[in-house]
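Raw contents of run15.cif, mmCIF, C-alpha atoms:
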```cif
data_start
#
loop_
_atom_site.group_PDB
_atom_site.id
_atom_site.type_symbol
_atom_site.label_atom_id
_atom_site.label_comp_id
_atom_site.auth_asym_id
_atom_site.auth_seq_id
_atom_site.Cartn_x
_atom_site.Cartn_y
_atom_site.Cartn_z
ATOM 1 C CA MET A 1 9.309 -18.369 -26.040
ATOM 2 C CA CYS A 2 10.388 -14.820 -25.346
ATOM 3 C CA PHE A 3 13.517 -13.265 -26.883
ATOM 4 C CA VAL A 4 14.953 -10.140 -25.299
ATOM 5 C CA ASP A 5 17.805 -7.823 -26.249
ATOM 6 C CA LEU A 6 19.804 -8.118 -23.016
ATOM 7 C CA LYS A 7 22.058 -5.180 -23.951
ATOM 8 C CA LYS A 8 19.148 -2.858 -23.212
ATOM 9 C CA ALA A 9 18.693 -4.358 -19.762
ATOM 10 C CA PHE A 10 22.132 -3.638 -18.359
ATOM 11 C CA ASP A 11 23.686 -0.383 -17.187
ATOM 12 C CA ARG A 12 25.907 1.080 -19.891
ATOM 13 C CA VAL A 13 26.450 4.517 -18.346
ATOM 14 C CA PRO A 14 30.129 5.549 -18.399
ATOM 15 C CA ARG A 15 30.343 6.294 -14.686
ATOM 16 C CA GLY A 16 33.716 8.055 -14.867
ATOM 17 C CA ILE A 17 32.152 10.724 -17.070
ATOM 18 C CA LEU A 18 29.127 10.885 -14.790
ATOM 19 C CA TRP A 19 31.330 11.641 -11.749
ATOM 20 C CA GLU A 20 33.160 14.374 -13.703
ATOM 21 C CA VAL A 21 29.884 16.011 -14.752
ATOM 22 C CA LEU A 22 28.581 15.926 -11.183
ATOM 23 C CA TRP A 23 31.845 17.525 -10.013
ATOM 24 C CA GLU A 24 31.485 20.267 -12.643
ATOM 25 C CA TYR A 25 27.965 20.980 -11.369
ATOM 26 C CA GLY A 26 29.286 21.424 -7.845
ATOM 27 C CA VAL A 27 28.421 18.009 -6.437
ATOM 28 C CA CYS A 28 31.540 17.139 -4.463
ATOM 29 C CA GLY A 29 32.837 15.917 -1.137
ATOM 30 C CA PRO A 30 30.526 13.775 0.995
ATOM 31 C CA LEU A 31 27.580 14.114 -1.401
ATOM 32 C CA LEU A 32 29.567 12.857 -4.392
ATOM 33 C CA ARG A 33 30.981 9.992 -2.303
ATOM 34 C CA ALA A 34 27.432 9.086 -1.225
ATOM 35 C CA VAL A 35 26.201 8.998 -4.840
ATOM 36 C CA ARG A 36 29.220 6.967 -5.948
ATOM 37 C CA SER A 37 28.682 4.495 -3.105
ATOM 38 C CA LEU A 38 25.287 3.632 -4.588
ATOM 39 C CA TYR A 39 27.071 2.255 -7.656
ATOM 40 C CA ASN A 40 30.037 0.507 -6.018
ATOM 41 C CA ARG A 41 29.818 -3.239 -6.478
ATOM 42 C CA SER A 42 26.286 -2.875 -7.894
ATOM 43 C CA ARG A 43 24.897 -5.742 -9.928
ATOM 44 C CA SER A 44 21.994 -5.973 -12.331
ATOM 45 C CA LEU A 45 19.592 -8.849 -12.612
ATOM 46 C CA VAL A 46 17.174 -9.493 -15.422
ATOM 47 C CA ARG A 47 14.751 -12.319 -14.837
ATOM 48 C CA ILE A 48 12.886 -13.736 -17.776
ATOM 49 C CA SER A 49 10.365 -16.352 -16.759
ATOM 50 C CA SER A 50 8.326 -18.606 -18.951
ATOM 51 C CA CYS A 51 4.738 -19.465 -18.058
ATOM 52 C CA LEU A 52 5.972 -22.915 -17.068
ATOM 53 C CA ASP A 53 8.550 -21.395 -14.676
ATOM 54 C CA LEU A 54 5.894 -19.118 -13.172
ATOM 55 C CA GLN A 55 3.466 -22.016 -12.750
ATOM 56 C CA HIS A 56 6.179 -24.038 -11.056
ATOM 57 C CA ALA A 57 7.022 -21.153 -8.660
ATOM 58 C CA LEU A 58 3.329 -20.573 -7.942
ATOM 59 C CA GLY A 59 2.901 -24.282 -7.188
ATOM 60 C CA HIS A 60 5.772 -24.145 -4.690
ATOM 61 C CA PHE A 61 4.318 -21.007 -3.110
ATOM 62 C CA ALA A 62 0.879 -22.613 -2.737
ATOM 63 C CA ALA A 63 2.463 -25.760 -1.246
ATOM 64 C CA ASP A 64 4.500 -23.681 1.246
ATOM 65 C CA CYS A 65 1.319 -21.847 2.217
ATOM 66 C CA GLU A 66 -0.436 -25.174 2.840
ATOM 67 C CA VAL A 67 2.430 -26.331 5.086
ATOM 68 C CA ALA A 68 2.029 -23.108 7.113
ATOM 69 C CA GLY A 69 -1.725 -23.696 7.443
ATOM 70 C CA MET A 70 -2.703 -21.091 4.848
ATOM 71 C CA ARG A 71 -4.025 -21.285 1.326
ATOM 72 C CA VAL A 72 -4.009 -19.043 -1.724
ATOM 73 C CA SER A 73 -7.467 -17.568 -2.227
ATOM 74 C CA THR A 74 -8.119 -18.104 -5.922
ATOM 75 C CA SER A 75 -11.281 -15.976 -5.741
ATOM 76 C CA LYS A 76 -9.133 -12.971 -4.703
ATOM 77 C CA SER A 77 -6.052 -13.693 -6.840
ATOM 78 C CA GLU A 78 -5.279 -12.532 -10.357
ATOM 79 C CA ALA A 79 -2.326 -12.871 -12.711
ATOM 80 C CA MET A 80 -0.752 -10.107 -14.781
ATOM 81 C CA VAL A 81 2.093 -10.400 -17.288
ATOM 82 C CA LEU A 82 4.361 -7.376 -17.613
ATOM 83 C CA ASP A 83 5.256 -7.016 -21.267
ATOM 84 C CA ARG A 84 4.966 -4.380 -23.982
ATOM 85 C CA LYS A 85 2.665 -6.644 -25.955
ATOM 86 C CA LYS A 86 -0.149 -8.930 -24.821
ATOM 87 C CA VAL A 87 1.093 -12.308 -23.668
ATOM 88 C CA ALA A 88 -1.217 -15.092 -22.545
ATOM 89 C CA CYS A 89 -0.041 -16.986 -19.486
ATOM 90 C CA THR A 90 -2.505 -19.343 -17.825
ATOM 91 C CA LEU A 91 -1.654 -19.903 -14.160
ATOM 92 C CA GLN A 92 -3.467 -22.279 -11.832
ATOM 93 C CA VAL A 93 -3.657 -22.824 -8.096
ATOM 94 C CA GLY A 94 -5.188 -26.093 -6.928
ATOM 95 C CA GLY A 95 -6.617 -26.756 -10.383
ATOM 96 C CA GLU A 96 -8.346 -23.343 -10.529
ATOM 97 C CA VAL A 97 -7.270 -20.942 -13.280
ATOM 98 C CA LEU A 98 -6.385 -17.440 -12.121
ATOM 99 C CA PRO A 99 -7.891 -14.718 -14.303
ATOM 100 C CA GLN A 100 -5.271 -12.789 -16.261
ATOM 101 C CA VAL A 101 -5.816 -9.042 -16.043
ATOM 102 C CA GLU A 102 -4.378 -6.085 -17.932
ATOM 103 C CA GLU A 103 -4.344 -3.809 -14.880
ATOM 104 C CA PHE A 104 -4.800 -3.871 -11.122
ATOM 105 C CA LYS A 105 -4.556 -1.575 -8.138
ATOM 106 C CA TYR A 106 -2.132 -2.349 -5.358
ATOM 107 C CA LEU A 107 -1.942 -0.096 -2.299
ATOM 108 C CA GLY A 108 -3.857 2.538 -4.240
ATOM 109 C CA VAL A 109 -1.477 2.551 -7.249
ATOM 110 C CA LEU A 110 -2.712 1.468 -10.690
ATOM 111 C CA PHE A 111 -0.399 -0.991 -12.477
ATOM 112 C CA THR A 112 -0.826 -1.951 -16.140
ATOM 113 C CA SER A 113 0.522 -4.948 -18.023
ATOM 114 C CA GLU A 114 2.526 -2.714 -20.391
ATOM 115 C CA GLY A 115 4.295 -1.196 -17.393
ATOM 116 C CA ARG A 116 3.195 2.330 -18.321
ATOM 117 C CA MET A 117 2.128 4.711 -15.573
ATOM 118 C CA ASP A 118 0.302 7.347 -17.676
ATOM 119 C CA ARG A 119 -3.152 6.529 -16.321
ATOM 120 C CA GLU A 120 -1.874 6.437 -12.739
ATOM 121 C CA ILE A 121 -0.155 9.797 -13.156
ATOM 122 C CA ASP A 122 -3.353 11.237 -14.642
ATOM 123 C CA ARG A 123 -5.308 9.870 -11.649
ATOM 124 C CA ARG A 124 -2.834 11.482 -9.237
ATOM 125 C CA ILE A 125 -3.046 14.809 -11.076
ATOM 126 C CA GLY A 126 -6.860 14.642 -10.958
ATOM 127 C CA ALA A 127 -6.859 13.844 -7.231
ATOM 128 C CA ALA A 128 -4.388 16.655 -6.552
ATOM 129 C CA ALA A 129 -6.480 19.090 -8.610
ATOM 130 C CA ALA A 130 -9.539 18.194 -6.511
ATOM 131 C CA VAL A 131 -7.516 18.754 -3.338
ATOM 132 C CA MET A 132 -6.283 22.114 -4.663
ATOM 133 C CA ARG A 133 -9.843 23.234 -5.459
ATOM 134 C CA SER A 134 -10.915 22.282 -1.969
ATOM 135 C CA MET A 135 -7.859 23.937 -0.431
ATOM 136 C CA TYR A 136 -8.482 27.104 -2.386
ATOM 137 C CA ARG A 137 -11.984 27.442 -0.931
ATOM 138 C CA SER A 138 -11.031 26.460 2.605
ATOM 139 C CA VAL A 139 -7.402 27.569 2.991
ATOM 140 C CA VAL A 140 -5.944 29.828 0.307
ATOM 141 C CA VAL A 141 -8.582 32.569 0.475
ATOM 142 C CA LYS A 142 -8.620 32.656 4.296
ATOM 143 C CA LYS A 143 -6.966 35.878 5.375
ATOM 144 C CA GLU A 144 -6.748 34.712 8.999
ATOM 145 C CA LEU A 145 -4.268 31.955 8.018
ATOM 146 C CA SER A 146 -0.617 32.941 7.720
ATOM 147 C CA ARG A 147 1.369 32.159 4.596
ATOM 148 C CA LYS A 148 3.437 29.729 6.673
ATOM 149 C CA ALA A 149 0.291 27.846 7.770
ATOM 150 C CA LYS A 150 -0.941 27.715 4.169
ATOM 151 C CA LEU A 151 2.406 26.325 2.993
ATOM 152 C CA LEU A 152 2.381 23.678 5.733
ATOM 153 C CA ILE A 153 -1.116 22.597 4.710
ATOM 154 C CA TYR A 154 -0.038 22.555 1.052
ATOM 155 C CA GLN A 155 3.034 20.439 1.839
ATOM 156 C CA SER A 156 1.180 18.024 4.092
ATOM 157 C CA ILE A 157 -1.955 17.477 1.955
ATOM 158 C CA TYR A 158 -1.488 18.524 -1.671
ATOM 159 C CA VAL A 159 2.055 17.296 -2.342
ATOM 160 C CA PRO A 160 1.513 13.779 -0.887
ATOM 161 C CA THR A 161 -1.752 13.435 -2.824
ATOM 162 C CA LEU A 162 0.010 14.302 -6.066
ATOM 163 C CA THR A 163 3.179 12.304 -5.521
ATOM 164 C CA TYR A 164 1.882 9.113 -3.866
ATOM 165 C CA GLY A 165 3.583 6.198 -5.607
ATOM 166 C CA HIS A 166 5.852 8.505 -7.633
ATOM 167 C CA GLU A 167 8.849 6.248 -7.037
ATOM 168 C CA LEU A 168 7.475 4.031 -9.802
ATOM 169 C CA TRP A 169 6.975 6.778 -12.383
ATOM 170 C CA VAL A 170 9.162 7.283 -15.411
ATOM 171 C CA MET A 171 9.338 11.003 -16.127
ATOM 172 C CA THR A 172 8.240 12.120 -19.569
ATOM 173 C CA GLU A 173 8.380 15.607 -21.050
ATOM 174 C CA ARG A 174 4.723 16.131 -20.097
ATOM 175 C CA ASP A 175 5.449 15.207 -16.480
ATOM 176 C CA LEU A 176 8.328 17.682 -16.329
ATOM 177 C CA VAL A 177 5.843 20.486 -17.038
ATOM 178 C CA TRP A 178 3.661 19.342 -14.125
ATOM 179 C CA ASN A 179 6.736 19.079 -11.918
ATOM 180 C CA ALA A 180 7.642 22.678 -12.758
ATOM 181 C CA LEU A 181 4.103 23.824 -11.978
ATOM 182 C CA LEU A 182 4.218 21.969 -8.682
ATOM 183 C CA GLY A 183 7.310 23.967 -7.765
ATOM 184 C CA PHE A 184 5.607 27.289 -8.507
ATOM 185 C CA LEU A 185 2.288 26.625 -6.730
ATOM 186 C CA PRO A 186 3.479 27.652 -3.234
ATOM 187 C CA TYR A 187 4.139 31.168 -4.556
ATOM 188 C CA PHE A 188 0.429 31.555 -5.270
ATOM 189 C CA LEU A 189 -0.649 30.599 -1.730
#
```

Do you think you could lay out the structure here as structure tokens?
Amino acid sequence: MCFVDLKKAFDRVPRGILWEVLWEYGVCGPLLRAVRSLYNRSRSLVRISSCLDLQHALGHFAADCEVAGMRVSTSKSEAMVLDRKKVACTLQVGGEVLPQVEEFKYLGVLFTSEGRMDREIDRRIGAAAAVMRSMYRSVVVKKELSRKAKLLIYQSIYVPTLTYGHELWVMTERDLVWNALLGFLPYFL
């Protein structure tokens, strides 16, 4: 059984104060209305599933697949529980137990069972550093390339390499430093 403090899961931001602060910072008119519209009639949902509930849902999914002429490939499927601490949850498809993993890659992004993205961010920084080294040798030092061309190459290769999957990241103080450096890099090209 899992007990959760639901107060932490729901939005407790005093939005009236938020709108005033945005106004003070010069966010007004259509932009402020656009931001406010994101929060109008918004609802939060927190789903807490037990292993039994997950097994039941997985059973229905596998049955629906069978009806459609497909089947869940247990040799290619894994289970992962998102929780701050290790939780065992044995899931089966067709009598076969799915291995429970602590991390997996999906569309090139590394997910971990604790929900932390530190290792993924470090991987992105490493990949971007490799791209920057390569760009330095083949782009930055080339006098025949204009600054505009160098910036376009930077924006189309380096930035996407660094920020791929960034929508999932939670910014920490360390990441803010990298973000600041990212903003200054074009000045060195």

Closest-contact table, segment 63-86 of chain A side, partner segment 97-110 of chain A, 12 Å, counting all atoms listed in the file, as JSON lines:
```
{"residue": "A:Val72", "atom": "CA", "partner": "A:Leu98", "partner_atom": "CA", "distance": 10.8}
{"residue": "A:Ser73", "atom": "CA", "partner": "A:Leu98", "partner_atom": "CA", "distance": 10.0}
{"residue": "A:Thr74", "atom": "CA", "partner": "A:Leu98", "partner_atom": "CA", "distance": 6.5}
{"residue": "A:Ser75", "atom": "CA", "partner": "A:Leu98", "partner_atom": "CA", "distance": 8.2}
{"residue": "A:Lys76", "atom": "CA", "partner": "A:Leu98", "partner_atom": "CA", "distance": 9.1}
{"residue": "A:Ser77", "atom": "CA", "partner": "A:Leu98", "partner_atom": "CA", "distance": 6.5}
{"residue": "A:Glu78", "atom": "CA", "partner": "A:Pro99", "partner_atom": "CA", "distance": 5.2}
{"residue": "A:Ala79", "atom": "CA", "partner": "A:Gln100", "partner_atom": "CA", "distance": 4.6}
{"residue": "A:Met80", "atom": "CA", "partner": "A:Val101", "partner_atom": "CA", "distance": 5.3}
{"residue": "A:Val81", "atom": "CA", "partner": "A:Glu102", "partner_atom": "CA", "distance": 7.8}
{"residue": "A:Leu82", "atom": "CA", "partner": "A:Glu102", "partner_atom": "CA", "distance": 8.8}
{"residue": "A:Asp83", "atom": "CA", "partner": "A:Glu102", "partner_atom": "CA", "distance": 10.2}
{"residue": "A:Arg84", "atom": "CA", "partner": "A:Glu102", "partner_atom": "CA", "distance": 11.3}
{"residue": "A:Lys85", "atom": "CA", "partner": "A:Glu102", "partner_atom": "CA", "distance": 10.7}
{"residue": "A:Lys86", "atom": "CA", "partner": "A:Glu102", "partner_atom": "CA", "distance": 8.6}
```

* Atomic separation - atom CA of Gln155 of chain A relative to atom CA of Trp169 of chain A, Å -> 20.1 Å

* Hey, what's within 8 Å of Arg124 of chain A if we count all atoms listed in the file and toss same-chain stuff fewer than 2 positions away? As a VMD selection string, please? -> chain A and resid 120 to 122 126 to 128 161 to 164

* In Å, with one decimal, what is the gap from atom CA of Cys89 of chain A to atom CA of Arg119 of chain A? -> 23.9 Å

* **Given the PyMOL selection byres ((chain A and resi 71) around 12), the residues it picks as an MDAnalysis selection string** => chainID A and resid 58:70 72:77 93:94

* Selection: 10 Å around Trp19 of chain A, all atoms listed in the file, excl. self and same-chain fewer than 6 positions, as a ChimeraX atom specification -> /A:25,27-28,32-33,35-36

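Separating atom CA of Tyr158 of chain A from atom CA of Val139 of chain A is a distance of 11.8 Å.
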
Would you mind completing segment 132-148 of chain A so that it carries N, CA, C and O atoms, and writing it out as a short mmCIF file (atom, residue, chain, number, x, y, z; two decimals), in the frame of the given file?
```cif
data_model
loop_
_atom_site.label_atom_id
_atom_site.label_comp_id
_atom_site.auth_asym_id
_atom_site.auth_seq_id
_atom_site.Cartn_x
_atom_site.Cartn_y
_atom_site.Cartn_z
N MET A 132 -6.61 20.68 -4.52
CA MET A 132 -6.28 22.11 -4.66
C MET A 132 -7.55 22.96 -4.72
O MET A 132 -7.61 24.03 -4.12
N ARG A 133 -8.58 22.49 -5.42
CA ARG A 133 -9.84 23.23 -5.46
C ARG A 133 -10.42 23.37 -4.06
O ARG A 133 -10.86 24.44 -3.64
N SER A 134 -10.40 22.27 -3.33
CA SER A 134 -10.92 22.28 -1.97
C SER A 134 -10.07 23.18 -1.07
O SER A 134 -10.60 23.95 -0.27
N MET A 135 -8.76 23.09 -1.24
CA MET A 135 -7.86 23.94 -0.43
C MET A 135 -8.05 25.41 -0.76
O MET A 135 -7.97 26.26 0.12
N TYR A 136 -8.31 25.71 -2.01
CA TYR A 136 -8.48 27.10 -2.39
C TYR A 136 -9.66 27.70 -1.62
O TYR A 136 -9.56 28.77 -1.05
N ARG A 137 -10.78 26.95 -1.61
CA ARG A 137 -11.98 27.44 -0.93
C ARG A 137 -11.82 27.51 0.59
O ARG A 137 -12.36 28.39 1.24
N SER A 138 -11.08 26.54 1.15
CA SER A 138 -11.03 26.46 2.60
C SER A 138 -9.73 26.95 3.23
O SER A 138 -9.67 27.14 4.43
N VAL A 139 -8.69 27.17 2.43
CA VAL A 139 -7.40 27.57 2.99
C VAL A 139 -6.84 28.82 2.33
O VAL A 139 -6.56 29.81 2.99
N VAL A 140 -6.66 28.77 1.02
CA VAL A 140 -5.94 29.83 0.31
C VAL A 140 -6.59 31.19 0.49
O VAL A 140 -5.90 32.18 0.73
N VAL A 141 -7.91 31.27 0.40
CA VAL A 141 -8.58 32.57 0.48
C VAL A 141 -8.78 33.07 1.91
O VAL A 141 -9.21 34.20 2.11
N LYS A 142 -8.44 32.26 2.89
CA LYS A 142 -8.62 32.66 4.30
C LYS A 142 -7.53 33.63 4.70
O LYS A 142 -6.37 33.28 4.79
N LYS A 143 -7.92 34.85 4.98
CA LYS A 143 -6.97 35.88 5.38
C LYS A 143 -6.43 35.66 6.79
O LYS A 143 -5.34 36.11 7.12
N GLU A 144 -7.20 34.94 7.62
CA GLU A 144 -6.75 34.71 9.00
C GLU A 144 -5.63 33.66 9.10
O GLU A 144 -5.01 33.53 10.15
N LEU A 145 -5.36 32.92 8.02
CA LEU A 145 -4.27 31.96 8.02
C LEU A 145 -3.00 32.61 7.49
O LEU A 145 -3.02 33.30 6.46
N SER A 146 -1.90 32.39 8.17
CA SER A 146 -0.62 32.94 7.72
C SER A 146 -0.14 32.19 6.48
O SER A 146 -0.57 31.07 6.20
N ARG A 147 0.78 32.81 5.77
CA ARG A 147 1.37 32.16 4.60
C ARG A 147 2.08 30.87 5.01
O ARG A 147 2.01 29.86 4.32
N LYS A 148 2.74 30.91 6.17
CA LYS A 148 3.44 29.73 6.67
C LYS A 148 2.45 28.59 6.92
O LYS A 148 2.72 27.44 6.55
#
```
